[in-house]
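Coordinates as given in run_5.txt (compact mmCIF, C-alpha atoms):
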```txt
# COMPACT_ATOMS: atom_id res chain seq x y z
CA MET A 251 96.32 118.07 135.02
CA GLU A 252 97.46 118.86 138.55
CA GLN A 253 95.44 121.57 140.30
CA PHE A 254 97.31 124.43 141.94
CA SER A 255 96.24 126.76 144.72
CA PRO A 256 94.47 129.56 142.80
CA VAL A 257 96.39 132.78 142.21
CA LYS A 258 94.09 135.82 142.44
CA ARG A 259 94.51 139.56 142.04
CA SER A 260 95.30 141.08 145.43
CA LYS A 261 93.29 144.25 144.78
CA ASP A 262 89.92 142.62 144.11
CA GLY A 263 90.33 138.88 144.58
CA GLN A 264 89.42 138.26 140.94
CA PRO A 265 91.17 135.63 138.79
CA ILE A 266 94.36 136.69 137.02
CA ARG A 267 93.58 137.57 133.40
CA TYR A 268 95.96 136.14 130.79
CA LEU A 269 96.72 136.90 127.16
CA ILE A 270 98.29 133.92 125.37
CA VAL A 271 100.33 134.62 122.23
CA ASP A 272 101.52 131.67 120.18
CA ASP A 273 101.16 130.68 116.53
CA SER A 274 100.58 127.06 117.55
CA VAL A 275 97.00 126.23 118.48
CA PHE A 276 98.36 123.22 120.37
CA ALA A 277 100.60 125.46 122.48
CA ARG A 278 97.76 127.91 123.13
CA LYS A 279 95.42 125.15 124.26
CA ASN A 280 98.13 123.65 126.45
CA LEU A 281 98.86 126.99 128.13
CA ALA A 282 95.13 127.68 128.52
CA ARG A 283 94.73 124.37 130.36
CA MET A 284 97.61 125.33 132.65
CA ILE A 285 96.25 128.77 133.53
CA GLU A 286 92.88 127.19 134.22
CA SER A 287 94.61 124.87 136.69
CA PHE A 288 96.14 128.01 138.31
CA GLY A 289 92.64 129.50 138.74
CA GLY A 290 93.25 132.06 135.99
CA HIS A 291 91.01 133.48 133.29
CA LEU A 292 91.83 133.58 129.58
CA ALA A 293 91.32 137.21 128.51
CA GLY A 294 92.44 136.73 124.93
CA GLU A 295 94.60 134.88 122.42
CA ALA A 296 96.80 136.00 119.54
CA VAL A 297 98.65 134.07 116.85
CA ASP A 298 101.41 136.57 116.11
CA GLY A 299 103.11 139.64 117.52
CA LEU A 300 101.04 142.18 115.60
CA THR A 301 97.76 140.74 116.82
CA ALA A 302 99.20 140.54 120.33
CA ILE A 303 99.58 144.33 120.40
CA THR A 304 95.96 144.96 119.45
CA GLU A 305 94.73 142.24 121.77
CA TYR A 306 96.70 143.76 124.64
CA ASP A 307 95.12 147.15 123.99
CA ARG A 308 91.69 145.53 123.87
CA THR A 309 91.91 143.22 126.89
CA HIS A 310 94.47 144.83 129.25
CA PRO A 311 95.48 141.47 130.76
CA ASP A 312 97.33 141.06 134.04
CA ILE A 313 99.98 138.96 132.35
CA VAL A 314 101.01 137.96 128.82
CA LEU A 315 102.49 134.59 127.89
CA MET A 316 104.37 135.28 124.65
CA ASP A 317 106.06 132.90 122.20
CA ILE A 318 109.15 134.18 120.37
CA THR A 319 109.26 132.54 116.94
CA MET A 320 106.08 133.59 115.16
CA PRO A 321 105.08 134.82 111.70
CA GLN A 322 104.30 138.51 110.97
CA MET A 323 106.09 139.85 114.05
CA GLU A 324 108.23 137.92 116.50
CA GLY A 325 107.51 137.90 120.21
CA ILE A 326 110.47 139.98 121.38
CA GLU A 327 109.54 142.90 119.11
CA ALA A 328 105.89 142.63 120.14
CA ALA A 329 106.91 142.65 123.82
CA GLU A 330 108.99 145.77 123.27
CA ARG A 331 106.14 147.59 121.54
CA ILE A 332 103.62 146.62 124.22
CA VAL A 333 105.93 147.77 127.02
CA GLN A 334 106.58 151.08 125.19
CA SER A 335 102.84 151.78 125.29
CA HIS A 336 102.16 150.09 128.63
CA PRO A 337 105.24 150.27 130.88
CA ASP A 338 103.53 148.19 133.56
CA ALA A 339 102.84 145.29 131.19
CA ARG A 340 103.97 141.95 132.57
CA ILE A 341 105.19 139.74 129.77
CA VAL A 342 106.62 136.26 130.21
CA MET A 343 108.34 134.84 127.15
CA VAL A 344 107.51 131.16 126.56
CA SER A 345 109.67 129.63 123.86
CA SER A 346 111.53 126.47 122.91
CA VAL A 347 114.47 128.61 121.78
CA GLY A 348 116.07 129.53 125.07
CA TYR A 349 119.65 130.47 124.36
CA GLN A 350 121.24 133.19 126.35
CA GLU A 351 121.21 135.90 123.65
CA ASN A 352 117.48 135.42 123.16
CA ILE A 353 116.74 135.59 126.86
CA VAL A 354 118.88 138.68 127.35
CA ALA A 355 117.30 140.39 124.33
CA ALA A 356 113.81 139.64 125.63
CA LEU A 357 114.58 140.95 129.10
CA GLN A 358 116.32 144.06 127.77
CA ARG A 359 113.30 144.85 125.63
CA GLY A 360 110.79 144.62 128.45
CA ALA A 361 109.92 140.99 129.18
CA ARG A 362 109.82 140.12 132.87
CA HIS A 363 110.79 136.45 132.67
CA PHE A 364 111.49 133.52 130.36
CA VAL A 365 110.13 129.95 130.45
CA GLN A 366 111.48 127.32 128.10
CA LYS A 367 109.21 124.87 126.27
CA PRO A 368 108.17 122.18 126.90
CA VAL A 369 106.54 124.07 129.73
CA LYS A 370 106.34 122.39 133.11
CA PRO A 371 103.17 123.63 134.88
CA GLU A 372 104.91 123.87 138.24
CA VAL A 373 107.64 126.07 136.73
CA LEU A 374 105.17 128.39 135.01
CA TYR A 375 103.11 128.63 138.21
CA GLU A 376 106.14 129.79 140.22
CA VAL A 377 107.20 132.26 137.50
CA ILE A 378 103.71 133.79 137.39
CA LYS A 379 103.65 134.24 141.16
CA TYR A 380 107.12 135.81 141.02
CA VAL A 381 106.26 138.20 138.18
CA LEU A 382 102.99 139.32 139.77
CA GLY A 383 104.63 139.82 143.17
CA ASP A 384 102.44 141.67 145.66
CA ASP A 385 99.76 142.20 143.03
CA ALA A 386 98.75 138.55 143.38
CA SER A 387 97.80 136.38 146.30
CA VAL A 388 97.54 132.64 146.56
CA THR A 389 94.32 131.34 148.05
CA SER A 390 94.15 127.92 149.62
CA ALA A 391 92.64 125.22 147.46
CA ALA A 392 90.01 124.57 150.15
CA GLY A 393 89.05 128.22 150.17
CA ALA A 394 88.88 128.31 146.40
CA GLY A 395 86.30 125.59 146.30
CA ALA A 396 84.10 127.29 148.90
CA MET B 21 127.22 115.88 109.33
CA LYS B 22 129.34 115.83 112.43
CA MET B 23 128.22 114.28 115.69
CA GLU B 24 128.56 117.65 117.43
CA LEU B 25 125.64 118.77 115.29
CA ILE B 26 123.53 115.67 115.75
CA GLN B 27 123.86 114.95 119.46
CA PRO B 28 121.85 118.01 120.62
CA PHE B 29 118.95 116.89 118.42
CA ILE B 30 119.03 113.39 119.88
CA ASN B 31 119.18 114.73 123.44
CA SER B 32 116.41 117.21 122.77
CA ALA B 33 114.07 114.72 121.09
CA ASP B 34 114.63 112.27 123.92
CA ALA B 35 113.84 114.89 126.57
CA VAL B 36 110.86 116.49 124.81
CA LEU B 37 109.23 113.15 123.94
CA ALA B 38 109.84 111.78 127.45
CA GLN B 39 108.22 114.83 129.04
CA GLY B 40 105.38 115.21 126.56
CA LEU B 41 104.45 111.54 126.52
CA GLN B 42 105.51 110.83 130.10
CA CYS B 43 107.39 107.71 129.12
CA LYS B 44 110.87 106.46 128.32
CA THR B 45 112.11 106.63 124.74
CA ALA B 46 114.88 104.82 122.90
CA VAL B 47 116.73 105.55 119.67
CA GLY B 48 115.50 102.65 117.54
CA SER B 49 117.44 103.14 114.33
CA LEU B 50 119.75 105.61 112.71
CA SER B 51 120.59 105.80 109.02
CA MET B 52 121.96 108.13 106.37
CA GLU B 53 119.79 108.71 103.31
CA GLU B 54 120.79 110.16 99.99
CA GLU B 55 117.47 109.48 98.34
CA ALA B 56 114.63 111.99 98.39
CA TYR B 57 112.73 112.16 101.64
CA ARG B 58 109.44 110.24 101.63
CA ARG B 59 106.85 111.35 104.13
CA LYS B 60 105.55 108.63 106.46
CA GLY B 61 102.42 110.38 107.69
CA VAL B 62 101.95 113.58 109.65
CA ALA B 63 105.12 115.60 109.15
CA ALA B 64 106.24 119.03 110.31
CA MET B 65 109.30 120.77 108.94
CA VAL B 66 111.46 123.52 110.42
CA TRP B 67 114.09 125.47 108.49
CA VAL B 68 117.14 126.84 110.22
CA THR B 69 119.46 129.46 108.75
CA GLY B 70 122.73 130.86 109.99
CA ASP B 71 126.07 129.19 110.67
CA ILE B 72 124.44 125.89 109.79
CA GLU B 73 121.60 125.73 107.32
CA GLY B 74 119.04 123.13 106.46
CA ARG B 75 115.81 121.59 107.54
CA ILE B 76 114.57 119.13 110.12
CA ILE B 77 111.41 117.08 109.74
CA ILE B 78 109.48 115.38 112.51
CA ASP B 79 107.35 112.64 111.03
CA LEU B 80 104.80 110.25 112.57
CA ASP B 81 102.60 107.65 110.91
CA PRO B 82 98.92 108.70 111.12
CA GLU B 83 97.97 106.29 113.92
CA THR B 84 100.96 107.27 116.05
CA ALA B 85 100.25 110.95 115.42
CA VAL B 86 96.73 110.55 116.83
CA ARG B 87 98.02 108.70 119.90
CA VAL B 88 100.79 111.24 120.52
CA ALA B 89 98.44 114.22 120.04
CA SER B 90 95.82 112.67 122.32
CA LYS B 91 98.41 111.99 125.00
CA MET B 92 99.83 115.50 124.82
CA ALA B 93 96.38 117.14 124.65
CA GLY B 94 95.09 115.08 127.57
CA ALA B 95 92.03 113.97 125.59
CA GLU B 96 91.19 111.46 122.84
CA LEU B 97 91.37 113.18 119.45
CA PRO B 98 89.97 111.94 116.12
CA GLU B 99 92.44 111.47 113.25
CA SER B 100 90.78 114.32 111.36
CA ASP B 101 91.35 116.82 114.16
CA SER B 102 93.61 119.70 113.14
CA LEU B 103 95.17 119.45 116.58
CA VAL B 104 96.85 116.21 115.44
CA ARG B 105 98.76 118.11 112.75
CA GLU B 106 99.39 120.99 115.12
CA THR B 107 100.92 118.58 117.61
CA ALA B 108 103.50 117.49 115.05
CA CYS B 109 104.37 121.16 114.47
CA GLU B 110 104.67 121.87 118.18
CA LEU B 111 106.78 118.74 118.72
CA ALA B 112 109.10 119.89 115.93
CA ASN B 113 109.20 123.38 117.39
CA GLN B 114 110.13 122.13 120.85
CA ILE B 115 112.67 119.50 119.76
CA ILE B 116 114.43 121.79 117.32
CA GLY B 117 114.22 124.84 119.57
CA ASN B 118 115.85 122.99 122.45
CA ALA B 119 118.57 121.55 120.17
CA ILE B 120 119.29 124.95 118.66
CA THR B 121 119.54 126.38 122.16
CA ALA B 122 122.26 123.86 123.01
CA LEU B 123 124.10 124.46 119.73
CA ASN B 124 123.88 128.22 120.17
CA ASP B 125 125.47 127.91 123.58
CA GLN B 126 128.33 126.06 121.81
CA GLY B 127 128.91 129.09 119.61
CA PHE B 128 126.78 128.37 116.54
CA HIS B 129 124.32 131.06 115.58
CA PHE B 130 120.99 130.30 113.96
CA ARG B 131 117.64 131.66 113.09
CA VAL B 132 114.80 129.18 113.56
CA HIS B 133 111.78 129.60 111.30
CA PRO B 134 108.24 128.70 112.37
CA PRO B 135 107.28 125.06 111.70
CA VAL B 136 105.22 124.23 108.62
CA MET B 137 103.34 121.09 107.71
CA HIS B 138 105.20 118.98 105.17
CA THR B 139 102.41 117.93 102.84
CA SER B 140 104.12 116.66 99.69
CA GLU B 141 104.83 112.96 99.45
CA GLU B 142 108.50 113.48 98.62
CA GLY B 143 111.05 116.08 99.60
CA ILE B 144 114.08 117.40 97.76
CA LYS B 145 116.76 114.83 97.05
CA SER B 146 119.72 115.18 99.39
CA SER B 147 122.89 116.54 97.87
CA GLU B 148 126.47 115.56 98.62
CA ASP B 149 126.84 118.09 101.41
CA THR B 150 123.34 117.77 102.84
CA GLU B 151 122.96 114.03 103.23
CA ALA B 152 119.99 113.38 105.47
CA LEU B 153 120.25 111.59 108.78
CA VAL B 154 117.11 109.70 109.77
CA MET B 155 116.54 108.73 113.38
CA CYS B 156 113.71 106.72 114.83
CA PHE B 157 112.65 107.25 118.44
CA ASP B 158 110.70 104.32 119.82
CA THR B 159 108.05 105.13 122.41
CA PRO B 160 105.37 102.90 123.96
CA ILE B 161 102.76 104.52 121.70
CA GLY B 162 104.68 104.40 118.43
CA SER B 163 107.74 105.62 116.60
CA VAL B 164 108.66 109.23 115.95
CA PHE B 165 111.00 109.87 113.04
CA MET B 166 113.39 112.78 112.80
CA ASN B 167 115.00 113.57 109.46
CA ILE B 168 117.85 116.08 109.54
CA ALA B 169 119.50 117.55 106.45
CA MET B 170 121.88 120.36 107.31
CA ARG B 171 125.21 121.68 106.16
CA TYR B 172 127.73 124.20 107.39
CA ASN B 173 127.25 127.59 105.80
CA ARG B 174 130.60 127.94 103.97
CA ARG B 175 130.34 131.69 103.60
CA ARG B 176 129.79 132.07 107.32
CA GLN B 177 132.64 129.65 108.00
CA ALA B 178 134.94 131.70 105.79
CA ASP B 179 133.81 134.91 107.50
CA ARG B 180 134.52 133.43 110.91
CA ALA B 181 137.89 132.07 109.85
CA ALA B 182 138.82 135.47 108.44
CA ALA B 183 137.70 137.18 111.61
CA ALA B 184 139.72 134.73 113.73
CA GLY B 185 142.78 135.39 111.58
CA ASN B 186 142.62 139.13 112.14
```
structure tokens encoding of this file:
Amino acid sequence: MEQFSPVKRSKDGQPIRYLIVDDSVFARKNLARMIESFGGHLAGEAVDGLTAITEYDRTHPDIVLMDITMPQMEGIEAAERIVQSHPDARIVMVSSVGYQENIVAALQRGARHFVQKPVKPEVLYEVIKYVLGDDASVTSAAGAGA
Amino acid sequence: MKMELIQPFINSADAVLAQGLQCKTAVGSLSMEEEAYRRKGVAAMVWVTGDIEGRIIIDLDPETAVRVASKMAGAELPESDSLVRETACELANQIIGNAITALNDQGFHFRVHPPVMHTSEEGIKSSEDTEALVMCFDTPIGSVFMNIAMRYNRRRQADRAAAAGN
């Protein structure tokens, strides 16, 4: 997989910590490989919306990558509940179902962005940088290896 | 089934397979089946409900499933690996999700249910209004079959017609 210039937390230079929420182990592994190529750290995983809420409370990630269609509790409801408890939570919805109503509902209920599956690493990388804003900084690949 | 329903699935499968496998694909064959569905190998099924209801199955013979999963995972996987079955589910999720997105933007409203493995050898026999369409997508590493059996939800159609008449 292509390597990207690492994205770090501005405040302490540490890797961005991610929570991945998806009922598909294939999708979770695929996203984990991508965040590794972005220089990120996997803080936790969840297979449904309910578990995502407890995992968020436990890990306090910098960013959540959240599927929509999942058993137990769908991603949009989980995003809403997380944002109610943690207004600063940064949640990016990652779903194959990307019609306008779904995107609008997700954004209205607290998600910061939407990425449609199949995920292109370069698209997710740009979205993560955008969502993190000034709280993240991109280090040069040469510097990262030093 | 009308072509307006089918075309988004063809476009979506073509795009998802081309991106996931990083290759060109071609629609190899297309047929209507009234007989009960017979699983070819590793199969994942997704139910959709709403204006149009039914199920879509993505099916790969075991050898192709291993090659596709290995390609998409970026590592050689053994046939026994659960990731092979998971790949079929994720392929189904992506193909159907993208198709439903296109159909929704045309005014159809659906709910997509999470994919499940189709483990029985045979499925339910198609009925008159849910004749199954079977498509084969040829790729350099094997064929991927998509079996679609859907019908318009008549109650929803009637509701919409009544609403339009008001």
Counting all atoms listed in the file, give me one row per residue of chain B with an atom at most 7 Å from an atom of chain A, showing the shortest contact pair and its distance in Å to one decimal, sorted by chain then residue number, as JSON lines.
```
{"residue": "B:Val36", "atom": "CA", "partner": "A:Pro368", "partner_atom": "CA", "distance": 6.6}
{"residue": "B:Ala93", "atom": "CA", "partner": "A:Asn280", "partner_atom": "CA", "distance": 7.0}
{"residue": "B:Leu103", "atom": "CA", "partner": "A:Phe276", "partner_atom": "CA", "distance": 6.2}
{"residue": "B:Glu106", "atom": "CA", "partner": "A:Phe276", "partner_atom": "CA", "distance": 5.8}
{"residue": "B:Thr107", "atom": "CA", "partner": "A:Phe276", "partner_atom": "CA", "distance": 6.0}
{"residue": "B:Glu110", "atom": "CA", "partner": "A:Ser274", "partner_atom": "CA", "distance": 6.6}
{"residue": "B:Asn113", "atom": "CA", "partner": "A:Ser346", "partner_atom": "CA", "distance": 6.7}
{"residue": "B:Gln114", "atom": "CA", "partner": "A:Ser346", "partner_atom": "CA", "distance": 5.0}
{"residue": "B:Gly117", "atom": "CA", "partner": "A:Val347", "partner_atom": "CA", "distance": 4.4}
{"residue": "B:Asn118", "atom": "CA", "partner": "A:Ser346", "partner_atom": "CA", "distance": 5.6}
{"residue": "B:Ile120", "atom": "CA", "partner": "A:Val347", "partner_atom": "CA", "distance": 6.8}
{"residue": "B:Thr121", "atom": "CA", "partner": "A:Tyr349", "partner_atom": "CA", "distance": 4.6}
{"residue": "B:Asn124", "atom": "CA", "partner": "A:Tyr349", "partner_atom": "CA", "distance": 6.4}
{"residue": "B:Asp125", "atom": "CA", "partner": "A:Tyr349", "partner_atom": "CA", "distance": 6.4}
{"residue": "B:His133", "atom": "CA", "partner": "A:Thr319", "partner_atom": "CA", "distance": 6.8}
{"residue": "B:Pro134", "atom": "CA", "partner": "A:Met320", "partner_atom": "CA", "distance": 6.0}
```
Using C-alpha atoms, can you export the residues from the last selection as an mmCIF file, keeping the file's coordinate frame?
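See result-v2.cif below for the written result:
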```cif
data_model
loop_
_atom_site.group_PDB
_atom_site.id
_atom_site.type_symbol
_atom_site.label_atom_id
_atom_site.label_comp_id
_atom_site.auth_asym_id
_atom_site.auth_seq_id
_atom_site.Cartn_x
_atom_site.Cartn_y
_atom_site.Cartn_z
ATOM 1 C CA VAL B 36 110.860 116.490 124.810
ATOM 2 C CA ALA B 93 96.380 117.140 124.650
ATOM 3 C CA LEU B 103 95.170 119.450 116.580
ATOM 4 C CA GLU B 106 99.390 120.990 115.120
ATOM 5 C CA THR B 107 100.920 118.580 117.610
ATOM 6 C CA GLU B 110 104.670 121.870 118.180
ATOM 7 C CA ASN B 113 109.200 123.380 117.390
ATOM 8 C CA GLN B 114 110.130 122.130 120.850
ATOM 9 C CA GLY B 117 114.220 124.840 119.570
ATOM 10 C CA ASN B 118 115.850 122.990 122.450
ATOM 11 C CA ILE B 120 119.290 124.950 118.660
ATOM 12 C CA THR B 121 119.540 126.380 122.160
ATOM 13 C CA ASN B 124 123.880 128.220 120.170
ATOM 14 C CA ASP B 125 125.470 127.910 123.580
ATOM 15 C CA HIS B 133 111.780 129.600 111.300
ATOM 16 C CA PRO B 134 108.240 128.700 112.370
#
```
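Minimum distance to B:Met92 across B:Gly48, B:Gly61, B:Gly40, B:Pro28 (counting all atoms listed in the file) occurs at B:Gly40.
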Exercise. For atom CA of B:Met166 and atom CA of A:Leu281, determine how far apart the two atoms are, in Å to one decimal place.
Key: 25.5 Å
Quiz item: Could you name the residues that touch B:Thr159 at 9 Å or less, counting all atoms listed in the file, but leaving out those on the same chain fewer than 2 positions away, as JSON, numbers by chain?
Solution: {"B": [37, 38, 41, 43, 44, 45, 46, 157, 161, 162, 163, 164]}
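Between atom CA of A:Ser287 and atom CA of A:Gln253 the interatomic distance comes to 5.0 Å.
Checking B:Asp34, B:Pro160, B:Met52, B:Thr69 one by one against B:Arg87, counting only C-alpha atoms, you find the shortest gap at B:Pro160.
Here atom CA of A:Ala361 stands at a distance of 9.4 Å from atom CA of A:Val314.
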Quiz item: Taking all atoms listed in the file into account, which of B:Val62, B:Val47, B:Leu25, B:Val136 comes nearest B:Arg171?
Solution: B:Leu25
Provide an axis-aligned box for all listed atoms of stretch 344-355 of chain A, padding each side by 6 Å; report its centre and its edge lengths in Å to one decimal, as lines of an AutoDock Vina configuration file.
```
center_x = 114.4
center_y = 133.4
center_z = 124.6
size_x = 25.7
size_y = 25.9
size_z = 17.6
```
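Across B:Asp71, B:Asp79, B:Asp158, B:Glu96, the tightest approach to B:Cys109 is made by B:Asp79 when counting all atoms listed in the file.
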Quiz prompt | For A:Gln322: contacts at 7 Å, all atoms listed in the file, fewer than 5 positions along chain excluded, given as a VMD selection string | solution = chain A and resid 298 to 300
Practice problem: Pick out the residues sitting within 6 Å of stretch 374-387 of chain A, and hand them over as a ChimeraX atom specification; count all atoms listed in the file, and ignore anything fewer than 4 positions along from it in its own chain. | Solution: /A:257-260
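Ranking B:Phe165, B:Ala122, B:Gln27, B:Leu50 by their shortest atom-to-atom distance to B:Thr84, with all atoms listed in the file included, puts B:Phe165 first.
Those residues that approach stretch 334-336 of chain A to within 9 Å, counting all atoms listed in the file, are Asp307, Ala329 and Gly360 of chain A; same-chain residues fewer than 5 positions away are not listed.
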